[in-house]
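For reference, model.csv is printed below; it contains CSV, C-alpha atoms and all ligand atoms.
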chain,number,residue,atom,x,y,z
S,15,MET,CA,246.0,-33.9,48.0
S,16,PRO,CA,246.5,-35.8,44.8
S,17,GLU,CA,246.9,-34.0,41.5
S,18,LEU,CA,244.3,-34.6,38.8
S,19,GLY,CA,245.5,-35.6,35.4
S,20,VAL,CA,242.6,-35.3,32.9
S,21,ASN,CA,242.8,-37.8,30.1
S,22,ILE,CA,241.2,-36.2,27.0
S,23,ASP,CA,241.6,-39.1,24.6
S,24,HIS,CA,237.8,-39.5,24.2
S,25,VAL,CA,237.4,-36.0,22.9
S,26,ALA,CA,239.6,-37.2,20.1
S,27,THR,CA,237.5,-40.4,19.8
S,28,VAL,CA,234.5,-38.3,19.0
S,29,ARG,CA,236.5,-36.3,16.4
S,30,GLU,CA,237.8,-39.4,14.8
S,31,ALA,CA,234.3,-40.8,14.5
S,32,ARG,CA,234.0,-38.4,11.5
S,33,ARG,CA,237.7,-38.0,10.8
S,34,GLY,CA,237.1,-34.2,11.0
S,35,ARG,CA,238.4,-31.3,13.0
S,36,GLU,CA,236.0,-31.1,15.9
S,37,PRO,CA,235.8,-31.5,18.8
S,38,ASP,CA,239.5,-30.5,19.1
S,39,PRO,CA,241.3,-32.0,22.1
S,40,ILE,CA,243.3,-28.7,22.2
S,41,TRP,CA,240.1,-26.9,23.2
S,42,ALA,CA,239.5,-29.7,25.7
S,43,ALA,CA,242.9,-29.2,27.3
S,44,VAL,CA,242.1,-25.5,27.8
S,45,ALA,CA,238.7,-26.2,29.4
S,46,ALA,CA,240.3,-28.9,31.6
S,47,GLU,CA,242.9,-26.4,32.8
S,48,LEU,CA,240.2,-23.8,33.5
S,49,GLY,CA,238.5,-26.5,35.6
S,50,GLY,CA,241.6,-27.0,37.7
S,51,ALA,CA,243.4,-29.9,36.0
S,52,ASP,CA,246.9,-30.4,37.2
S,53,ALA,CA,248.0,-32.3,34.2
S,54,ILE,CA,246.7,-33.2,30.7
S,55,THR,CA,247.1,-36.8,29.8
S,56,VAL,CA,246.9,-38.3,26.3
S,57,HIS,CA,247.7,-41.7,24.9
S,58,LEU,CA,249.3,-41.8,21.4
S,59,ARG,CA,248.3,-45.3,20.4
S,60,GLU,CA,250.0,-47.1,17.6
S,61,ASP,CA,246.7,-47.4,15.7
S,62,ARG,CA,246.0,-43.6,16.2
S,63,ARG,CA,242.4,-44.4,17.0
S,64,HIS,CA,242.0,-41.2,18.9
S,65,ILE,CA,244.9,-38.9,19.7
S,66,GLN,CA,247.0,-38.0,16.6
S,67,GLU,CA,250.6,-36.9,16.4
S,68,ARG,CA,249.5,-33.4,15.6
S,69,ASP,CA,247.6,-33.2,18.9
S,70,VAL,CA,250.6,-34.1,20.9
S,71,ARG,CA,252.7,-31.5,19.2
S,72,VAL,CA,250.2,-28.7,19.6
S,73,LEU,CA,249.4,-29.7,23.2
S,74,ARG,CA,253.1,-29.5,24.0
S,75,GLU,CA,253.0,-25.8,22.8
S,76,THR,CA,249.7,-24.9,24.4
S,77,VAL,CA,249.3,-26.8,27.7
S,78,ASN,CA,250.3,-24.8,30.7
S,79,VAL,CA,250.2,-27.6,33.3
S,80,LYS,CA,252.1,-30.9,33.0
S,81,LEU,CA,251.7,-32.9,29.8
S,82,ASN,CA,251.6,-36.6,30.5
S,83,LEU,CA,252.0,-38.7,27.3
S,84,GLU,CA,251.0,-42.4,27.6
S,85,LEU,CA,252.8,-44.6,25.1
S,86,ALA,CA,253.9,-48.2,24.4
S,87,CYS,CA,257.6,-49.2,24.4
S,88,GLU,CA,257.6,-49.1,20.6
S,89,PRO,CA,260.2,-47.2,18.5
S,90,GLY,CA,257.8,-45.0,16.5
S,91,VAL,CA,256.0,-43.4,19.5
S,92,LEU,CA,259.2,-43.3,21.5
S,93,ALA,CA,260.9,-41.3,18.8
S,94,ILE,CA,257.9,-38.8,18.8
S,95,ALA,CA,258.0,-38.6,22.6
S,96,CYS,CA,261.7,-37.8,22.6
S,97,GLU,CA,261.2,-35.1,20.0
S,98,VAL,CA,258.1,-33.5,21.6
S,99,ARG,CA,259.5,-33.9,25.1
S,100,PRO,CA,256.4,-33.9,27.4
S,101,GLN,CA,257.2,-33.4,31.0
S,102,GLN,CA,256.1,-37.0,31.8
S,103,ALA,CA,255.8,-40.2,29.9
S,104,THR,CA,253.8,-43.1,31.2
S,105,LEU,CA,254.7,-46.5,29.6
S,106,VAL,CA,251.7,-48.7,29.0
S,107,PRO,CA,251.1,-52.0,27.3
S,108,GLU,CA,249.1,-51.9,24.0
S,109,LYS,CA,247.1,-54.4,22.1
S,110,ARG,CA,245.4,-53.5,18.8
S,111,GLU,CA,242.3,-55.5,19.6
S,112,GLU,CA,241.6,-54.1,23.1
S,113,VAL,CA,239.0,-51.4,23.7
S,114,THR,CA,241.1,-49.8,26.4
S,115,THR,CA,244.4,-50.5,28.2
S,116,GLU,CA,243.4,-53.9,29.8
S,117,GLY,CA,246.3,-54.6,32.1
S,118,GLY,CA,249.5,-53.2,33.4
S,119,LEU,CA,252.9,-53.3,31.7
S,120,ALA,CA,254.6,-56.7,32.1
S,121,VAL,CA,258.0,-55.5,33.2
S,122,LEU,CA,259.3,-59.0,34.3
S,123,VAL,CA,259.1,-60.6,30.9
S,124,GLN,CA,260.4,-57.7,28.9
S,125,ARG,CA,262.8,-56.0,31.3
S,126,ASP,CA,265.4,-55.1,28.6
S,127,LYS,CA,262.8,-53.6,26.3
S,128,VAL,CA,261.3,-51.5,29.1
S,129,GLN,CA,264.7,-50.5,30.4
S,130,ALA,CA,265.7,-49.3,26.9
S,131,ALA,CA,262.6,-47.3,26.6
S,132,VAL,CA,263.1,-45.7,30.0
S,133,ASP,CA,266.7,-44.9,29.2
S,134,GLN,CA,265.7,-43.3,25.9
S,135,LEU,CA,263.0,-41.1,27.5
S,136,HIS,CA,265.4,-40.1,30.3
S,137,ALA,CA,268.0,-39.1,27.8
S,138,ALA,CA,265.4,-36.7,26.3
S,139,GLY,CA,264.8,-35.2,29.8
S,140,ILE,CA,261.4,-36.8,30.3
S,141,SER,CA,260.3,-38.1,33.7
S,142,VAL,CA,259.0,-41.7,33.4
S,143,SER,CA,256.1,-43.5,35.1
S,144,LEU,CA,255.2,-47.2,34.5
S,145,PHE,CA,251.6,-48.3,34.4
S,146,LEU,CA,251.5,-51.5,36.5
S,147,ASP,CA,249.0,-53.9,38.0
S,148,PRO,CA,249.1,-53.9,41.8
S,149,ASP,CA,251.6,-56.8,41.8
S,150,ALA,CA,254.5,-57.0,44.2
S,151,GLU,CA,257.0,-58.6,41.7
S,152,GLN,CA,256.2,-56.1,38.9
S,153,ILE,CA,256.7,-53.2,41.3
S,154,ASP,CA,260.0,-54.6,42.5
S,155,ALA,CA,261.2,-55.0,38.9
S,156,ALA,CA,260.0,-51.5,38.1
S,157,ALA,CA,262.0,-50.0,41.0
S,158,GLU,CA,265.2,-51.5,39.5
S,159,LEU,CA,264.6,-49.6,36.2
S,160,GLY,CA,265.2,-46.2,37.8
S,161,VAL,CA,261.8,-44.7,37.0
S,162,ALA,CA,260.3,-41.8,39.0
S,163,ALA,CA,256.8,-43.1,39.4
S,164,VAL,CA,254.4,-46.1,39.2
S,165,GLU,CA,250.8,-45.6,38.1
S,166,LEU,CA,248.7,-48.4,39.6
S,167,HIS,CA,246.0,-49.9,37.4
S,168,THR,CA,242.8,-49.4,39.2
S,169,GLY,CA,240.6,-51.2,36.6
S,170,GLN,CA,239.9,-54.3,38.8
S,171,TYR,CA,238.9,-52.2,41.7
S,172,ALA,CA,236.6,-50.1,39.5
S,173,ASN,CA,234.9,-53.1,38.0
S,174,ALA,CA,234.4,-54.9,41.3
S,175,SER,CA,231.6,-54.4,43.9
S,176,GLY,CA,230.9,-55.3,47.5
S,177,ALA,CA,233.5,-57.6,49.2
S,178,ALA,CA,235.4,-58.0,46.0
S,179,ARG,CA,235.9,-54.2,45.8
S,180,ALA,CA,237.1,-54.1,49.4
S,181,ALA,CA,239.6,-56.8,48.6
S,182,CYS,CA,240.8,-54.9,45.5
S,183,LEU,CA,241.2,-51.7,47.6
S,184,GLU,CA,243.3,-53.6,50.2
S,185,THR,CA,245.5,-54.8,47.3
S,186,LEU,CA,245.9,-51.2,46.1
S,187,HIS,CA,246.8,-50.1,49.6
S,188,LYS,CA,249.5,-52.8,49.9
S,189,ALA,CA,250.9,-52.0,46.4
S,190,SER,CA,250.9,-48.3,47.2
S,191,ALA,CA,252.9,-48.8,50.4
S,192,GLN,CA,255.4,-50.9,48.5
S,193,ILE,CA,255.8,-48.2,45.8
S,194,ARG,CA,256.5,-45.6,48.4
S,195,GLN,CA,258.9,-47.9,50.2
S,196,CYS,CA,260.8,-48.2,47.0
S,197,GLY,CA,261.1,-44.4,46.9
S,198,LEU,CA,258.8,-44.0,43.9
S,199,THR,CA,256.0,-41.5,43.4
S,200,LEU,CA,252.5,-43.0,43.5
S,201,HIS,CA,250.0,-42.5,40.7
S,202,ALA,CA,246.8,-44.4,39.9
S,203,GLY,CA,244.2,-44.5,37.2
S,204,HIS,CA,241.8,-46.4,35.0
S,205,GLY,CA,238.1,-46.8,35.5
S,206,LEU,CA,238.0,-44.1,38.2
S,207,SER,CA,234.7,-42.3,38.4
S,208,TYR,CA,232.8,-39.8,40.5
S,209,GLN,CA,231.4,-42.7,42.5
S,210,ASN,CA,234.6,-44.7,43.2
S,211,VAL,CA,237.4,-42.2,43.3
S,212,GLY,CA,237.2,-41.3,47.0
S,213,PRO,CA,238.9,-44.3,48.6
S,214,VAL,CA,241.7,-44.3,45.9
S,215,ALA,CA,242.3,-40.6,46.4
S,216,ALA,CA,242.6,-41.2,50.1
S,217,ILE,CA,245.4,-43.8,49.9
S,218,ASP,CA,248.5,-42.5,51.8
S,219,GLY,CA,250.9,-40.7,49.5
S,220,MET,CA,248.7,-40.7,46.4
S,221,HIS,CA,250.3,-38.1,44.2
S,222,GLU,CA,248.5,-38.2,40.9
S,223,LEU,CA,245.2,-39.6,39.5
S,224,ASN,CA,244.6,-40.0,35.8
S,225,ILE,CA,241.0,-39.9,34.9
S,226,GLY,CA,239.4,-39.8,31.4
S,227,HIS,CA,236.3,-41.6,30.5
S,228,SER,CA,234.0,-40.6,33.4
S,229,ILE,CA,235.0,-36.9,33.2
S,230,VAL,CA,234.5,-36.7,29.4
S,231,SER,CA,231.2,-38.6,29.8
S,232,ARG,CA,229.9,-36.1,32.4
S,233,ALA,CA,231.2,-33.2,30.3
S,234,MET,CA,228.6,-34.0,27.7
S,235,PHE,CA,226.0,-32.8,30.1
S,236,VAL,CA,227.7,-30.2,32.3
S,237,GLY,CA,230.6,-29.1,30.1
S,238,LEU,CA,234.2,-30.1,30.6
S,239,GLU,CA,235.3,-27.3,32.8
S,240,ALA,CA,232.5,-28.0,35.3
S,241,ALA,CA,233.1,-31.8,35.1
S,242,VAL,CA,236.8,-31.3,35.9
S,243,ARG,CA,235.9,-28.9,38.8
S,244,GLU,CA,233.5,-31.5,40.3
S,245,MET,CA,236.2,-34.2,40.1
S,246,LYS,CA,238.8,-31.9,41.7
S,247,ARG,CA,236.4,-31.4,44.6
S,248,LEU,CA,236.2,-35.2,45.1
S,249,VAL,CA,239.9,-35.8,45.2
S,250,LEU,CA,240.7,-33.1,47.7
K,1,LIG,N1,245.8,-44.2,33.1
K,1,LIG,C1,246.2,-45.0,32.1
K,1,LIG,C2,247.7,-45.4,32.1
K,1,LIG,C3,245.4,-45.3,31.0
K,1,LIG,O1,245.8,-46.0,30.0
K,1,LIG,C4,244.1,-44.8,31.0
K,1,LIG,C5,243.2,-45.0,29.8
K,1,LIG,O2,243.7,-44.4,28.7
K,1,LIG,C6,243.7,-44.0,32.1
K,1,LIG,C7,244.6,-43.7,33.1
K,1,LIG,C8,242.3,-43.4,32.2
K,1,LIG,O3,241.3,-44.4,32.3
K,1,LIG,P1,239.8,-44.0,32.2
K,1,LIG,O4,239.6,-43.4,30.9
K,1,LIG,O5,239.1,-45.2,32.5
K,1,LIG,O6,239.6,-42.9,33.3
Representation of the structure as structure tokens:
Amino acid sequence: MPELGVNIDHVATVREARRGREPDPIWAAVAAELGGADAITVHLREDRRHIQERDVRVLRETVNVKLNLELACEPGVLAIACEVRPQQATLVPEKREEVTTEGGLAVLVQRDKVQAAVDQLHAAGISVSLFLDPDAEQIDAAAELGVAAVELHTGQYANASGAARAACLETLHKASAQIRQCGLTLHAGHGLSYQNVGPVAAIDGMHELNIGHSIVSRAMFVGLEAAVREMKRLVL
């Protein structure tokens, strides 16, 4: 049964719409934990469009489950991660102009940079996951960097329908098998929803799913604790 990491970035997005104090992602983490979240996930972006440094620091003190910090391989956020020491860091690519993380990390073309980030996080005692497209070469390259886990980008699967979605699912299955053969822990996330999560949760060896937008969207109508509980039931 996969663990559910609840990404609460979009609670902070609403707060930042007014640059105020509410809704506080710290409250959201508490509600998500009450609903059964196995991890709380936040992305500290370079442009600080939603989660702020203060959020990460307070969450580290208050979250009782695993804290998973998503970050780019950039010195500023890496230094904060190493100081705050979440249990897990997920390295992601970041572009200022994107609405959300559009693709996986390109390990092949920046191997040294990613290796340096991984080593820095390991030295701080943080377990590292890499967010990758379901691409065989990227996965092989990731396995050589000594990370614990790979999170597969499920965005293409989530955006596809019909035969195209079935093909994307097949690609995810193949990539998942490769990740496990490399001895890495299998995670997945991006664009997963109440409607499409089932087949991804059912992939052999799926260990962790990170889901944000659809849970926070549903929470507006049923509350976050209930929204998380509903998602937990679907990933069982
Ligand atoms: N996993 C990673 C690495 C992400 O960057 C994101 C988006 O922040 C998610 C999971 C969650 O995606 P969504 O909000 O579409 O569920």
Open item on the list: Which residue is closest to ligand LIG 1 (chain K)? Choose from S:Ala157, S:Ala162, S:Leu146, S:Ala216 and count all atoms listed in the file.
Closed with: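 The shortest atom-to-atom distance to ligand LIG 1 (chain K) comes from S:Leu146.
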Task: Environment of ligand LIG 1 (chain K) within 9 Å, counting only C-alpha atoms and all ligand atoms, reported as a PyMOL selection string - done: chain S and resi 19-24+55-57+84-85+104-107+114-118+144-146+165-169+172+201-207+223-230
TODO: Mind checking which residues fall within 10 Å of Gln66 (chain S), counting all atoms listed in the file, ignoring those fewer than 3 positions away in the same chain, and posting them as an NGL selection string?
DONE: :S and (23 or 26 or 30 or 39 or 56-63 or 69-71)
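The two atoms in question, CA of Ala120 (chain S) and CA of Val132 (chain S), are spaced 14.1 Å apart.
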- [ ] Could you tell me which of S:Met245, S:Ile217, S:Ala150, S:Val113 comes closest to Thr27 (chain S) if we count all atoms listed in the file?
- [x]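 The shortest atom-to-atom distance to Thr27 (chain S) comes from S:Val113.
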Task: Residue nearest Leu183 (chain S) - candidates S:Val164, S:Val214, S:Val44, S:Leu200, atoms counted: all atoms listed in the file - done: S:Val214
For region 134-137 of chain S, I'd like the enclosing box, axis-aligned and padded by 6 Å on every side, reported as AutoDock Vina command-line options with centre and edge lengths in Å to one decimal.
--center_x 265.5 --center_y -41.2 --center_z 28.1 --size_x 17.0 --size_y 16.2 --size_z 16.4
TODO: Would you work out the distance separating CA of Lys80 (chain S) from CA of Ser141 (chain S), expressed in Å to one decimal?
DONE: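 Those two atoms sit 10.9 Å apart.
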TODO: Name the residues in contact with Ala131 (chain S) at a cut-off of 12 Å, using all atoms listed in the file, excluding same-chain residues fewer than 6 positions from it; report them as a VMD selection string.
DONE: chain S and resid 85 to 93 95 to 96 103 to 106 121 124 to 125 137 to 138 140 to 144 159 to 161
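Each of S:Ala130, S:Leu198, S:Leu122, S:Ala189 was checked against Asp147 (chain S) using all atoms listed in the file; the smallest atom-to-atom distance is that of S:Ala189.
Our summary of the geometry notes that CA of Leu250 (chain S) is positioned 27.0 Å from CA of Arg74 (chain S).
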Open item on the list: What's around region 45-54 of chain S at 9 Å? Count all atoms listed in the file, leave out sequence neighbours fewer than 3 positions away in its own chain, and write the answer as a VMD selection string.
Closed with: chain S and resid 17 to 22 40 to 42 73 77 to 83 222 224 237 to 244 246
Return region 15-26 of chain S, completed with all heavy atoms, as a CSV table (one decimal), in the coordinates of the input.
chain,number,residue,atom,x,y,z
S,15,MET,N,247.1,-34.0,49.0
S,15,MET,CA,246.0,-33.9,48.0
S,15,MET,C,246.5,-34.3,46.7
S,15,MET,O,247.5,-33.8,46.2
S,15,MET,CB,245.5,-32.5,48.0
S,15,MET,CG,244.6,-32.1,46.9
S,15,MET,SD,244.2,-30.4,47.1
S,15,MET,CE,244.7,-29.6,45.7
S,16,PRO,N,245.9,-35.4,46.1
S,16,PRO,CA,246.5,-35.8,44.8
S,16,PRO,C,246.2,-34.8,43.7
S,16,PRO,O,245.2,-34.1,43.7
S,16,PRO,CB,245.6,-37.1,44.5
S,16,PRO,CG,244.8,-37.4,45.6
S,16,PRO,CD,244.8,-36.2,46.5
S,17,GLU,N,247.1,-34.8,42.7
S,17,GLU,CA,246.9,-34.0,41.5
S,17,GLU,C,246.0,-34.7,40.6
S,17,GLU,O,245.9,-36.0,40.6
S,17,GLU,CB,248.3,-33.7,40.8
S,17,GLU,CG,249.2,-32.9,41.7
S,17,GLU,CD,250.5,-32.6,41.0
S,17,GLU,OE1,250.8,-33.2,40.0
S,17,GLU,OE2,251.2,-31.7,41.6
S,18,LEU,N,245.3,-34.0,39.8
S,18,LEU,CA,244.3,-34.6,38.8
S,18,LEU,C,244.9,-34.4,37.4
S,18,LEU,O,245.0,-33.3,36.9
S,18,LEU,CB,243.0,-33.9,39.0
S,18,LEU,CG,241.9,-34.4,38.0
S,18,LEU,CD1,241.6,-35.9,38.1
S,18,LEU,CD2,240.6,-33.6,38.2
S,19,GLY,N,245.2,-35.6,36.8
S,19,GLY,CA,245.5,-35.6,35.4
S,19,GLY,C,244.2,-35.9,34.6
S,19,GLY,O,243.6,-36.9,34.8
S,20,VAL,N,243.8,-35.0,33.7
S,20,VAL,CA,242.6,-35.3,32.9
S,20,VAL,C,243.0,-35.9,31.6
S,20,VAL,O,243.7,-35.2,30.8
S,20,VAL,CB,241.8,-34.0,32.8
S,20,VAL,CG1,240.6,-34.2,31.9
S,20,VAL,CG2,241.4,-33.4,34.1
S,21,ASN,N,242.5,-37.1,31.3
S,21,ASN,CA,242.8,-37.8,30.1
S,21,ASN,C,241.7,-37.3,29.0
S,21,ASN,O,240.5,-37.6,29.2
S,21,ASN,CB,242.8,-39.3,30.3
S,21,ASN,CG,243.1,-40.1,29.1
S,21,ASN,OD1,242.6,-39.8,28.0
S,21,ASN,ND2,243.9,-41.1,29.2
S,22,ILE,N,242.2,-36.7,28.0
S,22,ILE,CA,241.2,-36.2,27.0
S,22,ILE,C,241.2,-37.0,25.7
S,22,ILE,O,240.7,-36.6,24.7
S,22,ILE,CB,241.6,-34.7,26.6
S,22,ILE,CG1,243.0,-34.6,26.2
S,22,ILE,CG2,241.3,-33.8,27.9
S,22,ILE,CD1,243.4,-33.2,25.7
S,23,ASP,N,241.6,-38.3,25.8
S,23,ASP,CA,241.6,-39.1,24.6
S,23,ASP,C,240.2,-39.2,24.0
S,23,ASP,O,240.1,-39.2,22.7
S,23,ASP,CB,242.0,-40.6,25.0
S,23,ASP,CG,243.4,-40.8,25.3
S,23,ASP,OD1,244.2,-39.8,25.1
S,23,ASP,OD2,243.8,-41.8,25.9
S,24,HIS,N,239.2,-39.3,24.8
S,24,HIS,CA,237.8,-39.5,24.2
S,24,HIS,C,237.2,-38.3,23.6
S,24,HIS,O,236.2,-38.4,22.8
S,24,HIS,CB,236.9,-40.1,25.3
S,24,HIS,CG,237.4,-41.5,25.6
S,24,HIS,ND1,237.6,-42.5,24.7
S,24,HIS,CD2,237.9,-42.1,26.8
S,24,HIS,CE1,238.1,-43.6,25.3
S,24,HIS,NE2,238.3,-43.3,26.5
S,25,VAL,N,237.8,-37.2,23.8
S,25,VAL,CA,237.4,-36.0,22.9
S,25,VAL,C,237.9,-36.3,21.5
S,25,VAL,O,237.1,-36.1,20.5
S,25,VAL,CB,238.0,-34.7,23.5
S,25,VAL,CG1,237.7,-33.5,22.6
S,25,VAL,CG2,237.5,-34.4,24.9
S,26,ALA,N,239.1,-36.8,21.4
S,26,ALA,CA,239.6,-37.2,20.1
S,26,ALA,C,238.8,-38.3,19.5
S,26,ALA,O,238.7,-38.5,18.3
S,26,ALA,CB,241.1,-37.5,20.2
